[in-house]
Structures are given as structure tokens and as C-alpha cells.
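Asker: Contents are CSV, C-alpha atoms; file name query.csv:
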chain,number,residue,atom,x,y,z
E,1,MET,CA,5.2,1.3,12.9
E,2,VAL,CA,3.2,3.4,10.4
E,3,ARG,CA,-0.3,2.2,9.9
E,4,GLU,CA,-1.1,1.3,6.4
E,5,VAL,CA,-4.1,0.2,4.3
E,6,SER,CA,-4.2,-1.2,0.8
E,7,GLU,CA,-3.9,1.3,-1.9
E,8,SER,CA,-7.1,0.1,-3.6
E,9,CYS,CA,-9.1,1.3,-0.6
E,10,LEU,CA,-8.0,4.8,-1.2
E,11,ASP,CA,-8.3,4.5,-5.0
E,12,SER,CA,-11.8,3.1,-4.7
E,13,VAL,CA,-13.0,5.7,-2.3
E,14,VAL,CA,-11.7,8.6,-4.3
E,15,LYS,CA,-13.1,7.2,-7.6
E,16,GLU,CA,-16.4,6.6,-6.0
E,17,MET,CA,-16.6,10.1,-4.5
E,18,VAL,CA,-15.9,11.7,-7.9
E,19,SER,CA,-18.4,9.5,-9.7
E,20,CYS,CA,-21.0,10.2,-7.0
E,21,TYR,CA,-20.7,13.9,-7.3
E,22,CYS,CA,-20.5,13.8,-11.1
E,23,ASN,CA,-23.2,11.3,-11.9
E,24,VAL,CA,-25.6,11.3,-9.0
E,25,PHE,CA,-25.7,14.7,-7.3
E,26,TYR,CA,-24.8,17.1,-10.1
E,27,ALA,CA,-25.1,15.1,-13.2
E,28,ASP,CA,-26.1,18.1,-15.2
E,29,LYS,CA,-24.1,20.7,-13.4
E,30,PRO,CA,-20.4,19.8,-13.8
E,31,ASP,CA,-19.4,23.1,-12.3
E,32,LEU,CA,-21.0,22.5,-9.0
E,33,ALA,CA,-19.7,18.9,-8.9
E,34,ALA,CA,-16.2,20.2,-9.6
E,35,ARG,CA,-16.5,22.7,-6.8
E,36,ARG,CA,-17.5,20.1,-4.3
E,37,ILE,CA,-14.7,17.7,-5.4
E,38,GLU,CA,-12.2,20.5,-5.1
E,39,ALA,CA,-13.5,21.4,-1.6
E,40,ILE,CA,-13.0,17.8,-0.4
E,41,GLY,CA,-9.4,18.0,-1.7
E,42,TYR,CA,-8.9,21.3,0.0
E,43,GLN,CA,-10.0,19.9,3.3
E,44,LEU,CA,-7.7,17.0,2.9
E,45,GLY,CA,-4.7,19.0,1.7
E,46,PHE,CA,-5.1,21.5,4.5
E,47,GLN,CA,-5.1,18.8,7.2
E,48,LEU,CA,-2.3,16.8,5.6
E,49,SER,CA,0.1,19.8,5.4
E,50,GLU,CA,-0.7,20.6,8.9
E,51,ARG,CA,0.3,17.2,10.0
E,52,TYR,CA,3.4,16.9,7.8
E,53,THR,CA,4.8,20.3,8.9
E,54,MET,CA,4.2,19.8,12.6
E,55,GLU,CA,7.8,19.1,13.4
E,56,ARG,CA,9.7,21.4,11.2
E,57,PRO,CA,10.6,25.0,11.4
E,58,PRO,CA,8.5,27.5,9.5
E,59,PHE,CA,9.4,28.3,5.9
E,60,ASN,CA,11.3,31.4,5.1
E,61,ASP,CA,9.6,32.1,1.8
E,62,ASN,CA,7.1,30.8,-0.7
E,63,LEU,CA,9.7,29.0,-2.8
E,64,GLU,CA,10.9,27.0,0.2
E,65,ALA,CA,7.3,26.0,1.0
E,66,ILE,CA,6.7,25.0,-2.6
E,67,LYS,CA,9.8,22.9,-2.6
E,68,PHE,CA,8.5,21.2,0.4
E,69,ILE,CA,5.3,20.5,-1.4
E,70,CYS,CA,7.2,19.1,-4.4
E,71,LYS,CA,9.3,16.8,-2.3
E,72,ASP,CA,8.0,15.7,1.0
E,73,PHE,CA,4.4,16.3,0.6
E,74,TRP,CA,4.1,14.9,-2.9
E,75,SER,CA,6.0,11.8,-2.1
E,76,ASN,CA,4.0,11.2,1.0
E,77,LEU,CA,0.9,11.1,-1.2
E,78,PHE,CA,2.1,9.6,-4.4
E,79,LYS,CA,5.4,7.9,-3.5
E,80,LYS,CA,7.4,10.0,-5.9
E,81,GLN,CA,8.5,13.6,-6.0
E,82,ILE,CA,7.4,16.3,-8.5
E,83,ASP,CA,9.5,15.9,-11.6
E,84,ASN,CA,9.8,19.5,-12.6
E,85,LEU,CA,9.3,22.8,-11.0
E,86,ARG,CA,9.2,26.0,-13.0
E,87,THR,CA,8.4,29.5,-12.1
E,88,ASN,CA,8.1,32.9,-13.8
E,89,HIS,CA,9.2,34.6,-10.5
E,90,ARG,CA,6.0,36.5,-10.4
E,91,GLY,CA,4.1,34.1,-8.4
E,92,THR,CA,3.2,31.4,-10.9
E,93,PHE,CA,4.7,28.0,-10.4
E,94,VAL,CA,4.3,25.0,-12.6
E,95,LEU,CA,4.7,21.6,-11.0
E,96,GLN,CA,5.0,18.7,-13.3
E,97,ASP,CA,4.5,15.1,-12.5
E,98,ASN,CA,5.4,13.0,-15.5
E,99,LYS,CA,3.7,9.9,-14.2
E,100,PHE,CA,0.9,11.0,-12.0
E,101,ARG,CA,-0.1,8.0,-9.9
E,102,TRP,CA,-3.8,8.6,-9.9
E,103,LEU,CA,-3.9,8.7,-13.7
E,104,THR,CA,-1.6,5.9,-14.5
E,105,ARG,CA,-4.3,3.3,-13.9
E,106,MET,CA,-7.1,5.0,-15.8
E,107,SER,CA,-7.8,3.2,-18.9
E,108,ILE,CA,-7.2,5.9,-21.4
E,109,ASP,CA,-3.9,5.9,-23.2
E,110,SER,CA,-4.2,9.4,-24.8
E,111,SER,CA,-2.8,10.9,-21.7
E,112,ALA,CA,-0.1,8.4,-21.0
E,113,ASP,CA,3.1,9.5,-19.5
E,114,ASN,CA,5.0,11.9,-21.6
E,115,GLY,CA,6.7,14.8,-20.0
E,116,SER,CA,7.3,17.1,-22.9
E,117,SER,CA,5.4,20.4,-23.1
E,118,VAL,CA,4.5,20.3,-26.7
E,119,GLU,CA,1.1,21.8,-27.4
E,120,ASP,CA,-1.4,19.1,-28.1
E,121,ASN,CA,-3.6,20.1,-31.0
E,122,SER,CA,-4.7,16.6,-31.9
E,123,ALA,CA,-7.6,16.3,-29.5
E,124,PRO,CA,-10.6,15.4,-31.6
E,125,ALA,CA,-14.2,15.5,-30.3
E,126,ALA,CA,-14.1,11.8,-29.4
E,127,GLU,CA,-11.6,12.5,-26.7
E,128,ASN,CA,-13.7,15.2,-25.1
E,129,LYS,CA,-15.7,12.8,-22.9
E,130,THR,CA,-12.5,11.1,-21.6
E,131,SER,CA,-10.8,14.4,-20.9
E,132,HIS,CA,-13.9,15.6,-19.2
E,133,ALA,CA,-13.8,12.6,-16.9
E,134,ILE,CA,-10.1,13.1,-16.2
E,135,ASN,CA,-10.6,16.7,-15.5
E,136,MET,CA,-13.3,15.8,-12.9
E,137,HIS,CA,-10.8,13.6,-11.2
E,138,LEU,CA,-8.1,16.3,-11.3
E,139,TYR,CA,-10.2,18.7,-9.3
E,140,PHE,CA,-9.4,16.6,-6.3
E,141,PRO,CA,-5.6,16.9,-6.4
E,142,CYS,CA,-6.0,20.5,-7.3
E,143,GLY,CA,-7.9,21.0,-4.2
E,144,ILE,CA,-5.3,19.1,-2.2
E,145,LEU,CA,-2.6,21.4,-3.4
E,146,ARG,CA,-4.6,24.5,-2.7
E,147,GLY,CA,-5.5,23.3,0.7
E,148,ALA,CA,-1.9,22.4,1.5
E,149,LEU,CA,-0.6,25.8,0.4
E,150,SER,CA,-3.3,27.7,2.2
E,151,ASN,CA,-2.3,26.0,5.3
E,152,LEU,CA,1.3,27.1,4.7
E,153,GLY,CA,0.0,30.7,4.3
E,154,ILE,CA,0.0,30.9,0.5
E,155,PRO,CA,-3.4,31.7,-0.9
E,156,CYS,CA,-3.5,30.5,-4.5
E,157,ALA,CA,-5.5,29.2,-7.3
E,158,VAL,CA,-4.6,25.8,-8.8
E,159,SER,CA,-5.5,24.3,-12.1
E,160,ALA,CA,-4.3,21.2,-13.8
E,161,ASP,CA,-3.2,20.8,-17.4
E,162,ILE,CA,-3.1,17.4,-19.0
E,163,SER,CA,-2.1,18.3,-22.5
E,164,ASN,CA,1.0,16.3,-21.6
E,165,LEU,CA,0.3,15.0,-18.1
E,166,PRO,CA,-0.8,16.8,-15.0
E,167,ALA,CA,1.4,19.8,-14.9
E,168,CYS,CA,-0.3,21.7,-12.2
E,169,ALA,CA,0.0,25.4,-12.8
E,170,TYR,CA,-1.0,27.7,-10.0
E,171,LEU,CA,-0.4,31.3,-8.9
Q,1,MET,CA,-6.0,-29.6,-6.9
Q,2,ALA,CA,-7.4,-26.2,-6.1
Q,3,PRO,CA,-5.1,-24.0,-4.1
Q,4,VAL,CA,-5.7,-24.0,-0.4
Q,5,ALA,CA,-7.5,-21.0,0.7
Q,6,PRO,CA,-5.5,-18.8,3.0
Q,7,ARG,CA,-6.5,-18.6,6.6
Q,8,SER,CA,-5.2,-15.1,7.1
Q,9,GLY,CA,-4.6,-12.2,4.8
Q,10,ASP,CA,-1.2,-11.2,6.2
Q,11,ALA,CA,0.8,-12.5,3.2
Q,12,ILE,CA,-1.5,-10.8,0.7
Q,13,PHE,CA,-1.5,-7.5,2.6
Q,14,ALA,CA,2.3,-7.6,2.6
Q,15,SER,CA,2.3,-8.0,-1.1
Q,16,VAL,CA,-0.2,-5.4,-2.3
Q,17,GLU,CA,0.5,-1.8,-2.8
Q,18,ARG,CA,-0.1,0.1,0.4
Q,19,VAL,CA,-0.6,3.7,1.4
Q,20,ASN,CA,-0.3,5.5,4.7
Q,21,ALA,CA,-3.5,4.9,6.6
Q,22,GLU,CA,-3.7,8.5,7.6
Q,23,LEU,CA,-4.1,9.6,4.0
Q,24,PHE,CA,-7.0,7.2,3.6
Q,25,THR,CA,-8.6,8.1,6.9
Q,26,LEU,CA,-8.4,11.8,6.2
Q,27,THR,CA,-9.7,11.4,2.7
Q,28,TYR,CA,-12.7,9.5,3.9
Q,29,GLY,CA,-13.2,12.1,6.6
Q,30,ALA,CA,-13.2,14.9,4.1
Q,31,ILE,CA,-15.7,13.1,1.9
Q,32,VAL,CA,-18.1,12.4,4.8
Q,33,ARG,CA,-17.8,16.0,5.9
Q,34,GLN,CA,-18.7,17.3,2.5
Q,35,LEU,CA,-21.6,14.9,2.2
Q,36,LEU,CA,-22.9,16.2,5.4
Q,37,THR,CA,-22.7,19.8,4.2
Q,38,ASP,CA,-24.4,18.9,0.8
Q,39,LEU,CA,-27.0,16.5,1.9
Q,40,GLU,CA,-27.9,18.1,5.2
Q,41,GLU,CA,-29.9,15.1,6.4
Q,42,VAL,CA,-27.8,12.6,8.4
Q,43,ASP,CA,-30.0,9.8,7.1
Q,44,GLU,CA,-29.3,10.8,3.5
Q,45,VAL,CA,-25.6,10.7,4.2
Q,46,ASN,CA,-26.0,7.2,5.7
Q,47,LYS,CA,-27.8,6.1,2.6
Q,48,GLN,CA,-25.2,7.7,0.3
Q,49,LEU,CA,-22.3,6.1,2.1
Q,50,ASP,CA,-23.9,2.7,1.9
Q,51,GLN,CA,-24.5,3.2,-1.8
Q,52,MET,CA,-20.9,4.2,-2.4
Q,53,GLY,CA,-19.8,1.2,-0.4
Q,54,TYR,CA,-22.0,-1.0,-2.5
Q,55,ASN,CA,-20.5,0.3,-5.7
Q,56,ILE,CA,-17.0,-0.2,-4.3
Q,57,GLY,CA,-17.8,-3.7,-3.1
Q,58,ILE,CA,-19.1,-5.0,-6.4
Q,59,ARG,CA,-15.7,-4.0,-7.9
Q,60,LEU,CA,-13.5,-4.9,-5.0
Q,61,ILE,CA,-14.7,-8.5,-4.9
Q,62,ASP,CA,-12.8,-9.0,-8.2
Q,63,GLU,CA,-9.6,-7.9,-6.7
Q,64,PHE,CA,-10.2,-9.9,-3.7
Q,65,LEU,CA,-10.8,-13.1,-5.6
Q,66,ALA,CA,-7.9,-12.5,-7.9
Q,67,LYS,CA,-5.4,-11.9,-5.2
Q,68,SER,CA,-6.6,-14.1,-2.4
Q,69,ASN,CA,-6.6,-17.5,-4.0
Q,70,VAL,CA,-9.8,-18.2,-2.2
Q,71,SER,CA,-11.8,-21.0,-3.9
Q,72,LYS,CA,-15.4,-21.5,-3.5
Q,73,CYS,CA,-16.6,-21.2,0.0
Q,74,VAL,CA,-18.8,-24.2,1.0
Q,75,ASP,CA,-21.3,-22.2,3.1
Q,76,PHE,CA,-22.1,-18.8,4.5
Q,77,LYS,CA,-20.1,-19.6,7.6
Q,78,GLU,CA,-16.9,-20.0,5.7
Q,79,THR,CA,-17.7,-17.0,3.6
Q,80,THR,CA,-18.0,-14.6,6.6
Q,81,ASP,CA,-14.9,-16.2,8.1
Q,82,ILE,CA,-12.9,-15.4,5.0
Q,83,ILE,CA,-14.3,-11.8,5.0
Q,84,ALA,CA,-13.2,-11.3,8.5
Q,85,LYS,CA,-9.8,-13.0,8.4
Q,86,VAL,CA,-8.7,-12.4,4.8
Q,87,GLY,CA,-10.8,-9.6,3.4
Q,88,PHE,CA,-10.4,-7.1,6.2
Q,89,LYS,CA,-6.7,-7.8,6.5
Q,90,MET,CA,-6.1,-7.6,2.8
Q,91,PHE,CA,-7.6,-4.2,2.4
Q,92,LEU,CA,-7.6,-2.4,5.7
Q,93,GLY,CA,-4.8,-4.2,7.4
Q,94,VAL,CA,-6.9,-5.2,10.4
Q,95,THR,CA,-8.4,-8.5,11.4
Q,96,ALA,CA,-12.0,-9.0,12.4
Q,97,SER,CA,-13.7,-11.9,14.1
Q,98,VAL,CA,-17.0,-13.6,13.6
Q,99,THR,CA,-19.4,-14.3,16.5
Q,100,ASN,CA,-23.0,-14.5,17.5
Q,101,TRP,CA,-24.3,-17.1,15.1
Q,102,ASP,CA,-27.9,-17.7,15.1
Q,103,ALA,CA,-29.3,-21.3,15.2
Q,104,ASP,CA,-29.7,-21.8,11.5
Q,105,GLY,CA,-26.5,-20.2,10.5
Q,106,THR,CA,-27.8,-17.4,8.4
Q,107,CYS,CA,-27.0,-14.5,10.7
Q,108,CYS,CA,-23.8,-13.5,12.4
Q,109,SER,CA,-21.8,-10.6,13.6
Q,110,ILE,CA,-18.4,-9.4,12.4
Q,111,VAL,CA,-16.6,-7.7,15.2
Q,112,LEU,CA,-13.9,-5.2,14.6
Q,113,ASP,CA,-11.7,-4.0,17.4
Q,114,ASP,CA,-9.6,-1.8,15.3
Q,115,ASN,CA,-10.8,0.3,12.4
Q,116,PRO,CA,-8.5,2.7,10.5
Q,117,LEU,CA,-11.5,4.6,9.2
Q,118,VAL,CA,-12.2,6.2,12.5
Q,119,ASP,CA,-8.7,7.3,13.6
Q,120,PHE,CA,-9.0,11.0,14.7
Q,121,VAL,CA,-12.8,10.9,14.4
Q,122,GLU,CA,-15.3,12.2,16.9
Q,123,LEU,CA,-18.9,12.7,16.1
Q,124,PRO,CA,-20.2,16.2,16.9
Q,125,ASP,CA,-23.5,16.4,18.7
Q,126,ASN,CA,-25.6,17.2,15.6
Q,127,CYS,CA,-24.4,14.1,13.8
Q,128,GLN,CA,-25.3,11.5,16.4
Q,129,GLY,CA,-27.5,9.6,13.9
Q,130,LEU,CA,-24.6,9.2,11.5
Q,131,TYR,CA,-23.3,5.7,10.8
Q,132,TYR,CA,-19.8,7.0,10.0
Q,133,CYS,CA,-18.5,3.7,8.7
Q,134,ASN,CA,-21.6,2.9,6.7
Q,135,ILE,CA,-19.4,2.6,3.6
Q,136,LEU,CA,-18.0,-0.7,5.1
Q,137,SER,CA,-21.4,-2.3,5.4
Q,138,GLY,CA,-22.1,-1.3,1.8
Q,139,VAL,CA,-18.8,-2.8,0.6
Q,140,ILE,CA,-19.7,-6.2,2.3
Q,141,ARG,CA,-23.2,-6.2,0.9
Q,142,GLY,CA,-22.0,-5.3,-2.6
Q,143,ALA,CA,-19.2,-7.9,-2.6
Q,144,LEU,CA,-21.4,-10.7,-1.3
Q,145,GLU,CA,-24.0,-9.9,-3.9
Q,146,MET,CA,-21.5,-10.6,-6.6
Q,147,VAL,CA,-20.9,-14.1,-5.2
Q,148,SER,CA,-24.7,-14.8,-5.2
Q,149,MET,CA,-25.5,-13.9,-1.7
Q,150,LYS,CA,-28.1,-11.4,-0.9
Q,151,THR,CA,-27.4,-10.0,2.5
Q,152,GLU,CA,-28.5,-7.3,4.8
Q,153,VAL,CA,-25.7,-5.6,6.8
Q,154,THR,CA,-26.5,-3.5,9.8
Q,155,TRP,CA,-24.4,-1.8,12.5
Q,156,ILE,CA,-25.0,-3.2,16.0
Q,157,ARG,CA,-22.2,-1.5,17.9
Q,158,ASP,CA,-20.1,1.5,16.9
Q,159,VAL,CA,-17.2,2.9,18.9
Q,160,LEU,CA,-18.1,6.4,17.8
Q,161,ARG,CA,-21.4,5.9,19.6
Q,162,GLY,CA,-19.8,4.9,22.8
Q,163,ASP,CA,-19.5,1.1,22.3
Q,164,ASP,CA,-16.3,-0.7,22.9
Q,165,VAL,CA,-16.0,-2.4,19.5
Q,166,PHE,CA,-17.5,-2.2,16.0
Q,167,GLU,CA,-20.1,-4.9,15.3
Q,168,LEU,CA,-21.7,-5.5,12.0
Q,169,GLN,CA,-24.6,-7.9,11.7
Q,170,VAL,CA,-24.6,-9.8,8.4
Q,171,LYS,CA,-27.8,-11.5,7.6
Q,172,LEU,CA,-28.1,-13.9,4.7
Q,173,LEU,CA,-31.4,-13.2,3.0
Q,174,LYS,CA,-31.2,-15.3,-0.1
Q,175,GLN,CA,-28.6,-17.4,-1.7
Q,176,VAL,CA,-29.0,-17.5,-5.4
Q,177,SER,CA,-27.6,-20.7,-6.7
Q,178,GLU,CA,-25.3,-20.4,-9.6
Q,179,GLU,CA,-26.9,-21.9,-12.6
Q,180,TYR,CA,-25.5,-21.5,-16.0
Q,181,PRO,CA,-28.1,-20.2,-18.4
Q,182,TYR,CA,-26.7,-22.7,-20.9
Q,183,LYS,CA,-25.7,-26.3,-21.0
Q,184,ASP,CA,-22.0,-27.0,-20.6
Q,185,ASP,CA,-21.7,-29.0,-23.8
Q,186,GLU,CA,-23.2,-26.4,-26.1
Could you render the structure as C-alpha cells?
Answerer:
Amino acid sequence: MVREVSESCLDSVVKEMVSCYCNVFYADKPDLAARRIEAIGYQLGFQLSERYTMERPPFNDNLEAIKFICKDFWSNLFKKQIDNLRTNHRGTFVLQDNKFRWLTRMSIDSSADNGSSVEDNSAPAAENKTSHAINMHLYFPCGILRGALSNLGIPCAVSADISNLPACAYL
Amino acid sequence: MAPVAPRSGDAIFASVERVNAELFTLTYGAIVRQLLTDLEEVDEVNKQLDQMGYNIGIRLIDEFLAKSNVSKCVDFKETTDIIAKVGFKMFLGVTASVTNWDADGTCCSIVLDDNPLVDFVELPDNCQGLYYCNILSGVIRGALEMVSMKTEVTWIRDVLRGDDVFELQVKLLKQVSEEYPYKDDE
């Protein structure tokens, strides 16, 4: 039987880690905090993709690997697959999760789950603080993705976009 | 009549949202690892883990009380019992036991045979002073403080340091009685 723990354990630990780096260690240096959070994600993603790919044949190309990330890897982490995968065929992929689990329980409604890719121009200054907080939290999954892909032999840069909801674009 | 407090957390654990323990374990591992790199001193990492646990505990107690149906515990003995049987089960999916009571009932040990936090973990030589699970003691301290019990939680035995089980000593320092700052009929 697969061993399980309550989801709130994971949520609490991640939340606490982000707030610890943002508010305690690097309160006035968000860049450094972001880098550390990303590094933790990288480490996790790297190890997870190692474990999840242990018993499968190697991937033939990048697309196959990314499909694996969208389906198996993502649903192992977030209990759902990536909703939409797009690519410009020059190495940039956009993964879109319309209801990203780690954001669904944050108490901000501005970023609720809409999947459309309309440019959002209506972000007034008041929302800046919230979006800053969300961004800090998103460095973690960005790191996870980068770590997972590195382990699969795809060096990349990952960034998140929440103008609709985390569409993670990376190349 | 108040609902009867559950004697085990099995039913609650079955009903909450769960995740693969491996994901949790590796996440925690990655955090500890990064803390070690950033803080350099093992003692500082211990302190930070404890603080993080405390912050988690003061929030987790709400979820615990909301989901567990536990009504007011009559004494410290019942409290620790509930933590071991219901609390650990509900969140980590494992059961702990309570032993080693001192004569006046203010100090005891919570013993944990199985601990998902340490799956795959081995302490390297330069981290021997690390209390890897220090977050747990912080959680207990934080949670108990929210129900008016000031405690001190220390590790007595740790599997990562070669012991056969995990043993946490919980010492009740002060019990703040709950007094309303106002009269009921006002």
C-alpha cells in the first residue's frame, strides 16, 4: 500500500518554508529568497522525476518527456493533469493548469480559476502585494519543473504566469 | 451531549485529503537541506525548524479541533493521549504511544516507531547535531500553546542517531486557565 500523509502537512510545510524565506531570512531581498525557494523546488523535482521514471524506458525526444511531465508527473503531485500544452516548436512550451491546486486555497479571488489567455490589464496597485506573495509561492513549483526536466536531460528555464492562472512557460 | 471524543484518528485520516507520503518526505528533505546550506550552523537549523513547526502548530490546531470532534480534555494526560492517538494519525498517518509519566503527571514521552519524515534519510557525518525532525516538536509546542498549555518539547531518542524509536519528551510548564476577560452576561 502506498504510504500517505494528510495534505495539510504538505501544504503547511511548503507555506511555512516560503514565508520563512520571504519574511525572516531575506525580508528585504526578495530576489535571494526567490532563488532559495526555487532551489528547494529544483531539488524536489529532480528527485521525484528520478523516482517516477525508474521503471520506464527512456524518452525518445523532448516532447515525449514533457508529455510525461504533463500527465504522470503532474497528477502524482497535484492529482490532476496539465490542462493545456502548447509549443512554438522552437523549444518553448507552455503548460497550463486551469485550477492549480496550490493556489486554489489561497484567499485571493483575483486569480481564481479562469483558463482563458486574455491579457489582464486591470491589475491596480492594490493587487501588487498579493501578486507578489503568489509569485513567491510559485517559485517553488517552477523549481520543481526545472528540476524534473533537468533530471530528464532537458536544461531549461521556467517561469510562471498568473495573469490567468499558472500557465508555466519555459524554454 | 457533547460528541464523544474519538480514541483513534483512523476514521478522520480516511476522510481528509491525502497526498503521497514520498512527496511530503522529499519536500521536507529538500527544505532541511537548503536550510543547512543557508544557515551553515546545525544549531541554527534546529532552531529554525522548531520555529517553523511552532508556526505550523498554532494553525494546525484549528484544523485538528475542527475535524477531530475532540471536546475539552480533562487533564494533561488525556491531552497527550489524544495527540498520540488522534493527532499523529490524522496528519501523518501513524500512531504514537505515550509512556514514561513522571509522578506528578506533568512530564511524559511520546514514542513514535514509525515516522514518515525520515523515510530515505541518513544523516551525514557533519550533521550529527541535527535534530532532523525538530519541526515535529515545534508543531506540538505550538498546538498546545493554543490550548493554554505551555510546554517544553525535547527529543530523547532519535532513530537517525542510532536509537530504535523516536521519543519526544513533553513537559508541561504552565497551564494557563481559560478565563474570559469579560463576564458572561455582559
Asker: Quick one: which chain Q residues come within 6 Å of chain E, and what is the nearest atom pair for each with the distance in Å to one decimal, counting all atoms listed in the file, rows ordered by chain and ascending number, as JSON lines?
Answerer:
{"residue": "Q:Glu17", "atom": "CA", "partner": "E:Glu7", "partner_atom": "CA", "distance": 5.5}
{"residue": "Q:Arg18", "atom": "CA", "partner": "E:Ser6", "partner_atom": "CA", "distance": 4.3}
{"residue": "Q:Val19", "atom": "CA", "partner": "E:Glu7", "partner_atom": "CA", "distance": 5.2}
{"residue": "Q:Asn20", "atom": "CA", "partner": "E:Glu4", "partner_atom": "CA", "distance": 4.6}
{"residue": "Q:Ala21", "atom": "CA", "partner": "E:Glu4", "partner_atom": "CA", "distance": 4.3}
{"residue": "Q:Phe24", "atom": "CA", "partner": "E:Leu10", "partner_atom": "CA", "distance": 5.5}
{"residue": "Q:Thr27", "atom": "CA", "partner": "E:Leu44", "partner_atom": "CA", "distance": 5.9}
{"residue": "Q:Ala30", "atom": "CA", "partner": "E:Ile40", "partner_atom": "CA", "distance": 5.4}
{"residue": "Q:Ile31", "atom": "CA", "partner": "E:Ile40", "partner_atom": "CA", "distance": 5.9}
{"residue": "Q:Phe91", "atom": "CA", "partner": "E:Ser6", "partner_atom": "CA", "distance": 4.8}
{"residue": "Q:Leu92", "atom": "CA", "partner": "E:Val5", "partner_atom": "CA", "distance": 4.6}
{"residue": "Q:Gly93", "atom": "CA", "partner": "E:Val5", "partner_atom": "CA", "distance": 5.4}
Asker: Out of Q:Leu112, Q:Ile58, Q:Lys77, Q:Lys85, which residue has the shortest atom-to-atom distance to Val165 in chain Q when counting all atoms listed in the file?
Answerer: Q:Leu112
Asker: So that I can check the surroundings of range 126-143 of chain Q, please list as a list in words every protein, DNA and RNA residue that reaches within 6 Å of it, counting all atoms listed in the file and ignoring chain neighbours fewer than 5 positions away.
Answerer: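 Non-adjacent residues within range: Val42, Asn46, Leu49, Asp50, Gly53, Tyr54, Ile56, Gly57, Ile58, Ile61, Thr151 and Val153 of chain Q.
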Asker: Would you list the contacts of range 146-151 of chain E as a ChimeraX atom specification, taking every protein, DNA or RNA residue within 12 Å and counting all atoms listed in the file, but skipping same-chain residues closer than 6 positions in sequence?
Answerer: /E:38-54,58-59,62-70,72-74,77,139-140,157-160,168-171 /Q:30
Asker: Just the number, please: distance in Å from CA of Gln51 in chain Q to CA of Leu172 in chain Q, one decimal.
Answerer: 18.6 Å
Asker: If you count all atoms listed in the file, which residues fall within 10 Å of Ile83 in chain Q, apart from same-chain ones fewer than 4 positions away, as a list in words?
Answerer: Ser8, Gly9, Phe64, Glu78, Thr79, Gly87, Phe88, Lys89, Met90, Thr95, Ala96, Ser97, Val98, Ile110, Ile140, Ala143 and Leu144 of chain Q
Asker: I'd like to know which of E:His137, E:Arg35, E:Arg56, E:Arg86 is closest to Asp38 in chain Q, using all atoms listed in the file.
Answerer: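 The closest residue to Asp38 in chain Q is E:Arg35.
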Asker: As an exercise, work out the distance from CA of Ile162 in chain E to CA of Lys99 in chain E in Å and give it to one decimal place.
Answerer: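 It comes out at 11.2 Å.
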